[in-house]
Each structure stands twice: as C-alpha cells, then as structure tokens.
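Undergrad: Below you'll find my_file_24.cif; it's mmCIF, C-alpha atoms.
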```
data_run
loop_
_atom_site.group_PDB
_atom_site.id
_atom_site.type_symbol
_atom_site.label_atom_id
_atom_site.label_comp_id
_atom_site.auth_asym_id
_atom_site.auth_seq_id
_atom_site.Cartn_x
_atom_site.Cartn_y
_atom_site.Cartn_z
ATOM 1 C CA THR I 7 -3.214 -19.332 29.657
ATOM 2 C CA ASP I 8 -0.469 -20.914 31.765
ATOM 3 C CA THR I 9 2.445 -19.636 29.703
ATOM 4 C CA VAL I 10 5.507 -17.556 30.424
ATOM 5 C CA SER I 11 7.550 -16.447 27.433
ATOM 6 C CA VAL I 12 11.074 -17.699 28.029
ATOM 7 C CA LYS I 13 14.336 -16.185 26.816
ATOM 8 C CA PHE I 14 17.680 -17.788 27.568
ATOM 9 C CA ARG I 15 20.216 -16.213 25.196
ATOM 10 C CA THR I 16 21.967 -14.314 27.997
ATOM 11 C CA ALA I 17 22.016 -14.382 31.798
ATOM 12 C CA ALA I 18 20.215 -11.010 31.726
ATOM 13 C CA ASP I 19 17.433 -12.532 29.589
ATOM 14 C CA ILE I 20 17.002 -15.292 32.154
ATOM 15 C CA ARG I 21 16.905 -12.760 35.008
ATOM 16 C CA LYS I 22 14.194 -10.783 33.177
ATOM 17 C CA THR I 23 12.178 -13.932 32.524
ATOM 18 C CA LEU I 24 12.361 -15.009 36.176
ATOM 19 C CA SER I 25 11.391 -11.563 37.463
ATOM 20 C CA LYS I 26 8.238 -11.274 35.321
ATOM 21 C CA LYS I 27 4.905 -10.993 37.070
ATOM 22 C CA SER I 28 3.594 -13.890 34.975
ATOM 23 C CA PHE I 29 6.391 -16.093 36.369
ATOM 24 C CA LYS I 30 6.097 -14.992 39.988
ATOM 25 C CA SER I 31 2.335 -15.585 40.055
ATOM 26 C CA LYS I 32 2.842 -19.311 39.352
ATOM 27 C CA SER I 33 3.037 -21.981 42.035
ATOM 28 C CA HIS I 34 6.464 -23.142 43.187
ATOM 29 C CA LYS I 35 5.937 -26.424 41.346
ATOM 30 C CA ARG I 36 5.287 -24.615 38.041
ATOM 31 C CA GLN I 37 8.195 -22.216 38.632
ATOM 32 C CA SER I 38 10.489 -25.206 39.124
ATOM 33 C CA GLN I 39 9.319 -26.658 35.814
ATOM 34 C CA ILE I 40 10.016 -23.363 34.021
ATOM 35 C CA ILE I 41 13.474 -23.065 35.606
ATOM 36 C CA ASN I 42 14.208 -26.652 34.577
ATOM 37 C CA LEU I 43 13.131 -25.873 30.996
ATOM 38 C CA ILE I 44 15.412 -22.818 30.877
ATOM 39 C CA HIS I 45 18.276 -24.914 32.286
ATOM 40 C CA GLN I 46 17.820 -27.637 29.655
ATOM 41 C CA ARG I 47 17.530 -25.204 26.751
ATOM 42 C CA SER I 48 20.519 -23.105 27.788
ATOM 43 C CA ARG I 49 22.603 -26.277 28.273
ATOM 44 C CA ALA I 50 21.659 -27.565 24.805
ATOM 45 C CA ALA I 51 22.368 -24.176 23.186
ATOM 46 C CA TYR I 52 25.734 -23.952 24.974
ATOM 47 C CA ASN I 53 26.743 -27.472 23.918
ATOM 48 C CA ASN I 54 25.765 -26.831 20.278
ATOM 49 C CA ALA I 55 27.393 -23.395 19.961
ATOM 50 C CA LYS I 56 30.461 -23.111 17.734
ATOM 51 C CA ASP I 57 31.372 -19.397 17.807
ATOM 52 C CA PRO I 58 33.581 -18.607 20.865
ATOM 53 C CA LYS I 59 31.745 -15.348 21.656
ATOM 54 C CA VAL I 60 28.348 -17.038 21.494
ATOM 55 C CA LYS I 61 29.628 -19.990 23.511
ATOM 56 C CA SER I 62 30.960 -17.633 26.199
ATOM 57 C CA ARG I 63 27.633 -15.791 26.414
ATOM 58 C CA LEU I 64 25.675 -19.037 26.608
ATOM 59 C CA LYS I 65 28.052 -20.426 29.256
ATOM 60 C CA LYS I 66 27.214 -17.479 31.530
ATOM 61 C CA ALA I 67 23.492 -17.999 30.891
ATOM 62 C CA TYR I 68 23.819 -21.740 31.552
ATOM 63 C CA ASP I 69 25.743 -21.160 34.806
ATOM 64 C CA TYR I 70 23.078 -18.724 36.003
ATOM 65 C CA ALA I 71 20.300 -21.178 35.116
ATOM 66 C CA LYS I 72 22.140 -23.924 36.996
ATOM 67 C CA LYS I 73 22.422 -21.690 40.077
ATOM 68 C CA ARG I 74 18.702 -20.884 40.005
ATOM 69 C CA LYS I 75 17.830 -24.563 39.564
ATOM 70 C CA GLU I 76 19.863 -25.494 42.660
ATOM 71 C CA ALA I 77 18.178 -22.698 44.647
ATOM 72 C CA SER I 78 14.780 -24.017 43.555
ATOM 73 C CA LYS I 79 15.746 -27.525 44.703
ATOM 74 C CA GLU I 80 16.726 -26.157 48.121
ATOM 75 C CA LYS I 81 13.397 -24.349 48.434
ATOM 76 C CA THR I 82 11.572 -27.569 47.551
ATOM 77 C CA LYS I 83 13.478 -29.415 50.290
ATOM 78 C CA ARG I 84 12.585 -26.704 52.820
ATOM 79 C CA MET I 85 8.923 -26.809 51.797
ATOM 80 C CA ASN I 86 8.791 -30.607 52.054
ATOM 81 C CA LYS I 87 10.437 -30.511 55.473
ATOM 82 C CA SER I 88 7.823 -28.116 56.856
ATOM 83 C CA LYS I 89 4.921 -30.415 55.844
#
```
Output the structure of this file as structure tokens.

TA:
Amino acid sequence: TDTVSVKFRTAADIRKTLSKKSFKSKSHKRQSQIINLIHQRSRAAYNNAKDPKVKSRLKKAYDYAKKRKEASKEKTKRMNKSK
C-alpha cells in the first residue's frame, strides 16, 4: 500500500512522479527515500546509456533528480534544526 509508481526516463517524468498525490501524502522521510531511489536509478541509466540522444535525455533527468535530492537534504537539515 505504500507505493508510488516511479518514472525517471525524462525530467518531465520525474516532475510528474514528484507531483503525484500519492507522493505528496507520504512523510518527508519516505519522500526522501523515493527521491534517493529516483536519483540512483537515473544515475545508473545515464551511466549505462550508449546512444547520444538517450544519454542527453537521461543527463537532464539525472541533473533534475540531483537538484531535488539536494533540496530534500536542505529541508531535512531545517527540520532537524527546529527540533
């Protein structure tokens, strides 16, 4: 029951995944885990890609995932500071 279907082929796919109601209803801790999973998968896909067009698309997706992961880390720091 605690699943969010994840797509990471393009940056737009990642944006859609992270704007789903099923994602937003999760706790920050769970959201961080999902973002980390997307980051790892997009990085692996980018590193394994051979076709230049595919590699370019995956690079954009990977960069977006990296940006969201850093934002999640900052939020975690803010939340820990307020405790």

Undergrad: Can you list, as a list in words, every protein, DNA or RNA residue that comes within 9 Å of stretch 66-68 of chain I when you count all atoms listed in the file, leaving out same-chain residues fewer than 3 positions away?

TA: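 Surrounding residues, per the criterion: Phe14, Arg15, Thr16, Ala17, Ala18, Asp19, Ile20, Ile44, His45, Gln46, Arg47, Ser48, Arg49, Ala51, Tyr52, Lys61, Ser62, Arg63, Ala71, Lys72 and Lys73 of chain I.
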
Undergrad: When distances are computed from all atoms listed in the file, which of I:Lys75, I:Lys27, I:Lys56, I:Lys22 shows the smallest separation from I:Ile40?

TA: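 Counting all atoms listed in the file, the residue closest to I:Ile40 is I:Lys75.
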
Undergrad: Counting all atoms listed in the file, figure out which residue out of I:Lys65, I:His34, I:Leu43, I:Val60 gets nearest to I:Glu80.

TA: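 Nearest candidate to I:Glu80 out of I:Lys65, I:His34, I:Leu43, I:Val60: I:His34.
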
Undergrad: Could you state the separation of atom CA of I:Lys26 and atom CA of I:Asp8 in Å, given to one decimal place?

TA: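 These two atoms are separated by 13.5 Å.
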
Undergrad: For a quick check of understanding, using only C-alpha atoms, which of I:Lys13, I:Lys89, I:Lys59, I:Lys79 has the smallest distance to I:Gln39?

TA: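 Closest candidate: I:Lys79.
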
Undergrad: Model the absent atoms of stretch 15-43 of chain I so that N, CA and C atoms are present, and write the result as a tab-separated table (two decimals), in the frame of the given file.

TA:
```tsv
chain	number	residue	atom	x	y	z
I	15	ARG	N	19.00	-16.51	25.97
I	15	ARG	CA	20.22	-16.21	25.20
I	15	ARG	C	21.34	-15.66	26.08
I	16	THR	N	20.97	-14.88	27.10
I	16	THR	CA	21.97	-14.31	28.00
I	16	THR	C	21.48	-14.49	29.44
I	17	ALA	N	22.39	-14.31	30.39
I	17	ALA	CA	22.02	-14.38	31.80
I	17	ALA	C	21.00	-13.28	32.13
I	18	ALA	N	21.15	-12.12	31.49
I	18	ALA	CA	20.22	-11.01	31.73
I	18	ALA	C	18.81	-11.37	31.24
I	19	ASP	N	18.73	-12.07	30.09
I	19	ASP	CA	17.43	-12.53	29.59
I	19	ASP	C	16.76	-13.46	30.60
I	20	ILE	N	17.55	-14.35	31.18
I	20	ILE	CA	17.00	-15.29	32.15
I	20	ILE	C	16.52	-14.54	33.39
I	21	ARG	N	17.31	-13.56	33.84
I	21	ARG	CA	16.90	-12.76	35.01
I	21	ARG	C	15.58	-12.05	34.74
I	22	LYS	N	15.44	-11.47	33.54
I	22	LYS	CA	14.19	-10.78	33.18
I	22	LYS	C	13.02	-11.76	33.18
I	23	THR	N	13.23	-12.93	32.59
I	23	THR	CA	12.18	-13.93	32.52
I	23	THR	C	11.73	-14.33	33.93
I	24	LEU	N	12.69	-14.55	34.83
I	24	LEU	CA	12.36	-15.01	36.18
I	24	LEU	C	11.86	-13.90	37.09
I	25	SER	N	11.92	-12.65	36.64
I	25	SER	CA	11.39	-11.56	37.46
I	25	SER	C	10.05	-11.06	36.93
I	26	LYS	N	9.53	-11.69	35.88
I	26	LYS	CA	8.24	-11.27	35.32
I	26	LYS	C	7.11	-11.59	36.29
I	27	LYS	N	6.08	-10.77	36.23
I	27	LYS	CA	4.90	-10.99	37.07
I	27	LYS	C	4.24	-12.32	36.70
I	28	SER	N	4.23	-12.65	35.42
I	28	SER	CA	3.59	-13.89	34.98
I	28	SER	C	4.33	-15.12	35.51
I	29	PHE	N	5.63	-14.98	35.79
I	29	PHE	CA	6.39	-16.09	36.37
I	29	PHE	C	6.16	-16.17	37.87
I	30	LYS	N	6.21	-15.02	38.53
I	30	LYS	CA	6.10	-14.99	39.99
I	30	LYS	C	4.71	-15.39	40.47
I	31	SER	N	3.70	-15.24	39.63
I	31	SER	CA	2.34	-15.58	40.06
I	31	SER	C	2.07	-17.09	40.01
I	32	LYS	N	3.00	-17.86	39.45
I	32	LYS	CA	2.84	-19.31	39.35
I	32	LYS	C	3.18	-19.98	40.68
I	33	SER	N	2.70	-21.21	40.84
I	33	SER	CA	3.04	-21.98	42.04
I	33	SER	C	4.51	-22.36	41.99
I	34	HIS	N	5.05	-22.75	43.13
I	34	HIS	CA	6.46	-23.14	43.19
I	34	HIS	C	6.73	-24.32	42.26
I	35	LYS	N	5.78	-25.24	42.20
I	35	LYS	CA	5.94	-26.42	41.35
I	35	LYS	C	6.08	-26.01	39.88
I	36	ARG	N	5.24	-25.09	39.43
I	36	ARG	CA	5.29	-24.62	38.04
I	36	ARG	C	6.56	-23.81	37.79
I	37	GLN	N	6.96	-22.98	38.77
I	37	GLN	CA	8.20	-22.22	38.63
I	37	GLN	C	9.39	-23.15	38.47
I	38	SER	N	9.40	-24.23	39.23
I	38	SER	CA	10.49	-25.21	39.12
I	38	SER	C	10.54	-25.81	37.73
I	39	GLN	N	9.37	-26.10	37.17
I	39	GLN	CA	9.32	-26.66	35.81
I	39	GLN	C	9.88	-25.67	34.80
I	40	ILE	N	9.54	-24.40	34.95
I	40	ILE	CA	10.02	-23.36	34.02
I	40	ILE	C	11.53	-23.20	34.15
I	41	ILE	N	12.03	-23.18	35.39
I	41	ILE	CA	13.47	-23.06	35.61
I	41	ILE	C	14.19	-24.26	34.99
I	42	ASN	N	13.61	-25.45	35.15
I	42	ASN	CA	14.21	-26.65	34.58
I	42	ASN	C	14.25	-26.56	33.05
I	43	LEU	N	13.18	-26.04	32.45
I	43	LEU	CA	13.13	-25.87	31.00
I	43	LEU	C	14.21	-24.91	30.52
```
